[in-house]
Amino acid sequence: MKAVITIVGQDQVGIVAMVSGVLAANGVNVLNINQNILDGFFNMLMISDISQSKVSLKELQQILNEKGQAIGLQIKVQHEDIFRIMHRI
Amino acid sequence: MLTIQEILETNRMIEENKLDVRTITLGISLQDCAHPDLKIFCQNIYDKITREAQHLVRTGEDIEAEYGIPIINKRISVTPIAIAAGSCRTDSYVPVAQAMDAAAKAVGVNFIGGFSALVDKGYTNGAKILIQSIPEALALTERVCSSVNLASTKSGINMDCVREMGLIIKRAAELTRDRDALGCAKLVVFANAPQDNPFMAGAFHGIGEPETVINVGVSGPGVVKCALEEVKGQDFSAIAETIKKTAFKITRVGQLVAQEASRRMGVPFGIIDLSLAPTPAVGDSVAHILEEMGLESCGAPGTTAALALLNDAVKKGGLMASSHVGGLSGAFIPVSEDAGMIAAVECGSLTLEKLEAMTCVCSVGLDMIAVPGDTSAATISGIIADEAAIGMINNKTTAVRIIPVPGKKVGDWVEFGGLLGHSPILKVNTFKNDDFIARGGRIPAPIRGLTN
């Protein structure tokens, strides 16, 4: 099962390290990363494989939410199917 | 692999354009709850509803969290009580409504529909008791919704019930006058009522439905409005194409949610209702879609054509996105629940008569219309008869949800709160129709009903 992780917020040192650290610690494999800075705002999309994850999707949401909020980032973790069903027939 | 643009587009629809799933509605048959003793019947329905729906709210919340798509309402529809309670030895079904209300509260749903009767050809004993119980039932409960189907293309219009419903609506308004006649906001009068509609206040679990069923209503007026901003100045073919593509995407989300809810609860999937359901929130208005097509204000000449195009394109786009489509499926035009409609009434561009014309081409009818408190029962019955005639002749659903607010007159405002919104009081034609309504009987089924 794949999850799409969206990270938005003020750019700062260590965002990628923090998020990928959480993912690695929980056995989540990153498949694709796209990241840019727009007007000082950090935007990152990660597609990851959570089939070997040690925690459920909801727990992963909770961990990333808490870590993100602590440094002013909005982090969403969504099941890939919401995008797939809308854009693929 | 998904592209960034696709992911961003979906999340923009959800976050900025208020794309949501409006409701997951669990239909529950109460046909096996029948008992001559009213108390035992009420216990039976309470037990069955709370048993079947115990995981509904949690399932909805889980899906909402995992996919990141808001699911605004979780609701329940039940077998029309006039049928389910038909064998009870009683002269009032108010305790049944109270049992439904208690069950809805116990499982955490915000509305439960099905305090209903189907009387398009005539009354059963149960239907008579039910209709007489409506005003008190709506006054004494919080979450129960009621509906009466009094006309159909196959059976004609039950004009005895049309007359009675004028009086019932007035009585419901009177009994809830301290809450701006809120009782009437939970009461719908139908022609050709669908058996699988997931939307309130008109939802009930039809008699041809399975034991339990999941029906899902999608929404997303804001998404359509935003898509139309991209085709400014282009012709109507471009508008129709844009709406179709958008409706397809919206409906696919509904299909995903419905399939997941069905799988997780072990309840069969019924239908997706392809509707554009507005809310009073800014950016969630059907009227603003019509205005985006080039109308200064909803109600201006051209509004009915714009609505016809919108309604048709939503169906064409949504149809291919779902395995089963049903319910009302079309654009809703509830006045008090749509910021654009409210503004249009306030500035004088939208009148009751124009709304009636619009109901000929969209999915429902005169919906959430607040009128002066001194509007007579016969006038309300006349409005119901007109809407029923539109539904009957055009082989479509029409409905009336009208609220004569005691003590209020044209120009005053009424506040229902929450999703039910707020509205100025609309002007009503006050020329008398008492002799017309007093006739009673049945308007025969039209030639269009003889299709065999």
# chains A, B, ... in the order shown; residues from 1 in each chain; ligands from 1

call {"tool": "interface_residues", "arguments": {"of": "chain A", "to": "chain B", "cutoff": "6 Å", "atoms": "only C-alpha atoms", "output": "list in words"}}
result
Gln78, His79, Ile82 and Met86 of chain A

call {"tool": "select_by_dssp", "arguments": {"residues": "range 60-141 of chain B", "states": "alpha helix (DSSP H)", "output": "number ranges by chain"}}
result
B: 60-67, 81-84, 94-107, 125-140

call {"tool": "residues_around", "arguments": {"residues": "Glu66 in chain A", "least_positions_apart": "5", "cutoff": "12 Å", "atoms": "only C-alpha atoms", "output": "list in words"}}
result
Met18, Val19, Val22, Glu59, Leu60, Gln61, Ile71, Gly72, Leu73, Gln74, Ile75 and Lys76 of chain A

call {"tool": "closest_atom_pairs", "arguments": {"of": "range 343-380 of chain B", "to": "range 177-182 of chain B", "cutoff": "12 Å", "atoms": "only C-alpha atoms", "output": "JSON lines"}}
result
{"residue": "B:Met368", "atom": "CA", "partner": "B:Leu182", "partner_atom": "CA", "distance": 10.5}
{"residue": "B:Ile369", "atom": "CA", "partner": "B:Ala181", "partner_atom": "CA", "distance": 11.7}
{"residue": "B:Ala370", "atom": "CA", "partner": "B:Ala181", "partner_atom": "CA", "distance": 9.4}
{"residue": "B:Val371", "atom": "CA", "partner": "B:Ala181", "partner_atom": "CA", "distance": 10.7}
{"residue": "B:Pro372", "atom": "CA", "partner": "B:Ala181", "partner_atom": "CA", "distance": 11.2}
{"residue": "B:Gly373", "atom": "CA", "partner": "B:Ala181", "partner_atom": "CA", "distance": 9.3}

call {"tool": "closest_residue", "arguments": {"among": "B:Ile271, B:Val335, B:Leu350, B:Ala308", "to": "Arg401 in chain B", "atoms": "only C-alpha atoms"}}
result
B:Val335

call {"tool": "select_by_dssp", "arguments": {"residues": "range 125-345 of chain B", "states": "strand (DSSP E)", "output": "PyMOL selection string"}}
result
chain B and resi 144-152+156-158+187-191+212-218+269-273+275-276+330-331

call {"tool": "write_last_selection", "arguments": {"atoms": "N, CA and C atoms", "output": "compact mmCIF listing (two decimals), in the first residue's frame"}}
result
# COMPACT_ATOMS: atom_id res chain seq x y z
N VAL B 144 -34.89 13.63 14.11
CA VAL B 144 -35.78 12.87 13.23
C VAL B 144 -36.24 13.73 12.06
N CYS B 145 -36.17 13.16 10.85
CA CYS B 145 -36.67 13.85 9.66
C CYS B 145 -37.86 13.09 9.11
N SER B 146 -38.78 13.85 8.52
CA SER B 146 -40.05 13.28 8.09
C SER B 146 -40.29 13.60 6.63
N SER B 147 -40.95 12.71 5.92
CA SER B 147 -41.32 13.00 4.54
C SER B 147 -42.62 12.30 4.19
N VAL B 148 -43.33 12.89 3.24
CA VAL B 148 -44.59 12.32 2.76
C VAL B 148 -44.56 12.36 1.24
N ASN B 149 -44.73 11.18 0.61
CA ASN B 149 -44.82 11.15 -0.85
C ASN B 149 -46.29 11.14 -1.23
N LEU B 150 -46.77 12.23 -1.82
CA LEU B 150 -48.21 12.33 -2.07
C LEU B 150 -48.56 12.39 -3.55
N ALA B 151 -47.58 12.18 -4.42
CA ALA B 151 -47.89 12.18 -5.86
C ALA B 151 -46.86 11.34 -6.59
N SER B 152 -47.27 10.79 -7.74
CA SER B 152 -46.32 10.08 -8.58
C SER B 152 -46.84 10.07 -10.01
N GLY B 156 -50.74 9.66 -9.97
CA GLY B 156 -51.39 10.97 -9.91
C GLY B 156 -51.10 11.67 -8.60
N ILE B 157 -51.95 12.66 -8.26
CA ILE B 157 -51.72 13.45 -7.05
C ILE B 157 -52.86 13.21 -6.07
N ASN B 158 -52.51 12.88 -4.83
CA ASN B 158 -53.49 12.69 -3.77
C ASN B 158 -53.81 14.08 -3.20
N LEU B 187 -39.11 18.52 7.37
CA LEU B 187 -40.29 17.87 6.77
C LEU B 187 -40.34 18.16 5.26
N VAL B 188 -40.35 17.09 4.47
CA VAL B 188 -40.38 17.24 3.01
C VAL B 188 -41.63 16.58 2.45
N VAL B 189 -42.27 17.28 1.52
CA VAL B 189 -43.41 16.72 0.81
C VAL B 189 -42.95 16.40 -0.62
N PHE B 190 -43.10 15.15 -1.04
CA PHE B 190 -42.53 14.69 -2.30
C PHE B 190 -43.57 14.35 -3.36
N ALA B 191 -43.14 14.46 -4.62
CA ALA B 191 -43.75 13.71 -5.72
C ALA B 191 -42.64 12.84 -6.27
N THR B 212 -30.00 -4.01 4.81
CA THR B 212 -29.26 -2.78 5.10
C THR B 212 -28.50 -2.40 3.83
N VAL B 213 -28.17 -1.12 3.70
CA VAL B 213 -27.50 -0.66 2.47
C VAL B 213 -26.76 0.63 2.75
N ILE B 214 -25.63 0.82 2.05
CA ILE B 214 -24.87 2.07 2.17
C ILE B 214 -25.13 2.92 0.92
N ASN B 215 -25.65 4.11 1.10
CA ASN B 215 -25.80 5.07 0.00
C ASN B 215 -24.96 6.30 0.32
N VAL B 216 -24.33 6.85 -0.71
CA VAL B 216 -23.43 7.97 -0.48
C VAL B 216 -23.82 9.16 -1.34
N GLY B 217 -23.87 10.33 -0.73
CA GLY B 217 -24.15 11.56 -1.46
C GLY B 217 -22.88 12.37 -1.59
N VAL B 218 -22.49 12.71 -2.82
CA VAL B 218 -21.28 13.53 -3.00
C VAL B 218 -21.69 14.99 -3.12
N PHE B 269 -23.27 -2.10 -0.93
CA PHE B 269 -23.28 -0.75 -1.50
C PHE B 269 -24.54 -0.59 -2.33
N GLY B 270 -25.26 0.51 -2.11
CA GLY B 270 -26.47 0.79 -2.87
C GLY B 270 -26.19 1.68 -4.05
N ILE B 271 -26.14 2.97 -3.80
CA ILE B 271 -25.98 3.93 -4.89
C ILE B 271 -25.10 5.11 -4.48
N ILE B 272 -24.61 5.80 -5.51
CA ILE B 272 -24.04 7.12 -5.30
C ILE B 272 -25.10 8.11 -5.78
N ASP B 273 -25.37 9.11 -4.98
CA ASP B 273 -26.28 10.18 -5.40
C ASP B 273 -25.42 11.32 -5.94
N SER B 275 -25.05 14.53 -6.62
CA SER B 275 -25.70 15.82 -6.41
C SER B 275 -24.69 16.91 -6.10
N LEU B 276 -25.03 18.12 -6.51
CA LEU B 276 -24.28 19.28 -6.05
C LEU B 276 -25.08 19.86 -4.90
N GLY B 330 -28.64 15.31 -8.98
CA GLY B 330 -28.79 16.56 -9.73
C GLY B 330 -28.38 17.71 -8.83
N ALA B 331 -28.61 18.93 -9.29
CA ALA B 331 -28.23 20.08 -8.47
C ALA B 331 -29.34 20.39 -7.47

call {"tool": "residues_around", "arguments": {"residues": "Asn32 in chain A", "least_positions_apart": "3", "cutoff": "8 Å", "atoms": "only C-alpha atoms", "output": "ChimeraX atom specification"}}
result
/A:46-48

call {"tool": "write_last_selection", "arguments": {"atoms": "C-alpha atoms", "output": "CSV table (one decimal), in the first residue's frame"}}
result
chain,number,residue,atom,x,y,z
A,46,MET,CA,6.6,12.1,-1.1
A,47,ILE,CA,5.2,8.9,-2.4
A,48,SER,CA,6.0,6.0,0.0

call {"tool": "residues_around", "arguments": {"residues": "Ala344 in chain B", "least_positions_apart": "3", "cutoff": "6 Å", "atoms": "only C-alpha atoms", "output": "list of chain:residue names"}}
result
B:Ser297, B:Cys298, B:Met341, B:Cys347, B:Ser349, B:Leu350

call {"tool": "residues_around", "arguments": {"residues": "Leu328 in chain B", "least_positions_apart": "2", "cutoff": "10 Å", "atoms": "only C-alpha atoms", "output": "list in words"}}
result
Ala193, Pro194, Gln195, Asp196, Asn197, Pro198, Phe199, Gly202, Ala203, Gly217, Ile272, Asp273, Leu274, Ser275, Val325, Gly326, Gly330, Ala331, Phe332, Cys362, Ser363, Val364, Lys396, Thr397 and Thr398 of chain B

call {"tool": "write_last_selection", "arguments": {"atoms": "C-alpha atoms", "output": "short mmCIF file (atom, residue, chain, number, x, y, z; two decimals), in the first residue's frame"}}
result
data_model
loop_
_atom_site.label_atom_id
_atom_site.label_comp_id
_atom_site.auth_asym_id
_atom_site.auth_seq_id
_atom_site.Cartn_x
_atom_site.Cartn_y
_atom_site.Cartn_z
CA ALA B 193 -39.83 10.24 -4.00
CA PRO B 194 -36.73 8.10 -4.64
CA GLN B 195 -36.44 4.98 -2.45
CA ASP B 196 -32.67 5.26 -2.02
CA ASN B 197 -32.05 8.98 -1.45
CA PRO B 198 -29.22 9.49 1.08
CA PHE B 199 -29.93 13.22 1.60
CA GLY B 202 -36.16 13.33 2.57
CA ALA B 203 -34.22 10.09 3.08
CA GLY B 217 -24.15 11.56 -1.46
CA ILE B 272 -24.04 7.12 -5.30
CA ASP B 273 -26.28 10.18 -5.40
CA LEU B 274 -24.71 12.55 -7.93
CA SER B 275 -25.70 15.82 -6.41
CA VAL B 325 -26.22 5.85 -9.53
CA GLY B 326 -29.53 6.72 -7.85
CA GLY B 330 -28.79 16.56 -9.73
CA ALA B 331 -28.23 20.08 -8.47
CA PHE B 332 -29.93 21.14 -5.23
CA CYS B 362 -33.13 20.27 -11.41
CA SER B 363 -33.21 17.41 -8.98
CA VAL B 364 -35.43 18.56 -6.17
CA LYS B 396 -39.14 13.46 -12.00
CA THR B 397 -38.81 13.99 -8.29
CA THR B 398 -40.04 17.28 -6.91
#

call {"tool": "residues_around", "arguments": {"residues": "Lys128 in chain B", "least_positions_apart": "4", "cutoff": "12 Å", "atoms": "only C-alpha atoms", "output": "PyMOL selection string"}}
result
chain B and resi 81-83+85-86+90-93+116-119+122-124+132-134+148+160-161+164-165+168
